[in-house]
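All remarks here apply to the structure that follows.
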Amino acid sequence: MGRFVKWGVVVLAAAVVFTVAYGTARLDPLGWLPQKDSDAVAVSAAFAGAMAAAVVAAGAWWASDAGAGRGTDGGSVRQQARASDRARIVQEHGQGAPGEVRQRAEGSGDSEIRQSRGPGAAE
């Protein structure tokens with residue numbers, strides 16, 4: 001999923017959460033809102049804004065490719081491997097190689113598993 005699509009999902013989710021939280025607060029199921037209508041609207045909007053801000057904070061981490069370089073910037077390398085005996089498992093990601101490189105591997109005995117990608121990776 002592209003970065004712009006992810007941000008669209010975050011914005012849509014925040015709008016939905018704001019609407020639901022505001023509507024629920026205006027119903028005042030626990031009777032905590034002030035009696036004056038303008039004050040009740042302000043408290044409901046503040047509550048809904050806080051809920052929407054929490055969604056945006058979580059969504060920003062998800063949508064911004066935090067830490068892992070999940071986009072096409074060439075910075076992501078992931079490996080999940082298990083080797084036993086004399087097995088070797090190697091994954092190399094050359095500099096400037098676009099996209100993600102993932103590898104899941106299991107090796108045993110004298111096996112060797114190698115995955116290389118991009119300029120600068122050993123071939």
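Starting from 1 in every chain, residues are counted up; chains themselves are A, B, ... following the order of the structure tokens, and ligands are numbered from 1 as listed.
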
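Residues with any atom within 10 Å of stretch 21-34 of chain A, counting only C-alpha atoms and excluding same-chain neighbours fewer than 2 positions away, are Ala15, Val16, Val17, Phe18, Thr19, Lys36, Asp37, Ser38, Asp39, Ala40, Val41, Ala42, Val43, Ser44, Ala45, Ala46, Phe47, Ala48, Gly49, Ala50, Met51 and Ala52 of chain A.
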
### Message
Using only C-alpha atoms, which protein or nucleic acid residues come within 12 Å of A:Ser84? Drop anything in the same chain fewer than 5 positions from it, and give the result as a PyMOL selection string.
### Response
chain A and resi 89+105-112

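When only C-alpha atoms are used to compute distances to A:Gly59, the closest of the residues A:Ala87, A:Ala13, A:Val5, A:Ala81 turns out to be A:Ala13.
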
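You will find atom CA of A:Trp61 at 26.8 Å from atom CA of A:Glu92.
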
### Task
Going by DSSP on the backbone, which bits of stretch 3-47 of chain A are alpha helix (DSSP H)? Write them as a PyMOL selection string, please.
chain A and resi 3-27+37-47

### Counting only C-alpha atoms, the option among A:Ala83, A:Ala63, A:Ala58, A:Ala53 closest to A:Arg3
A:Ala63
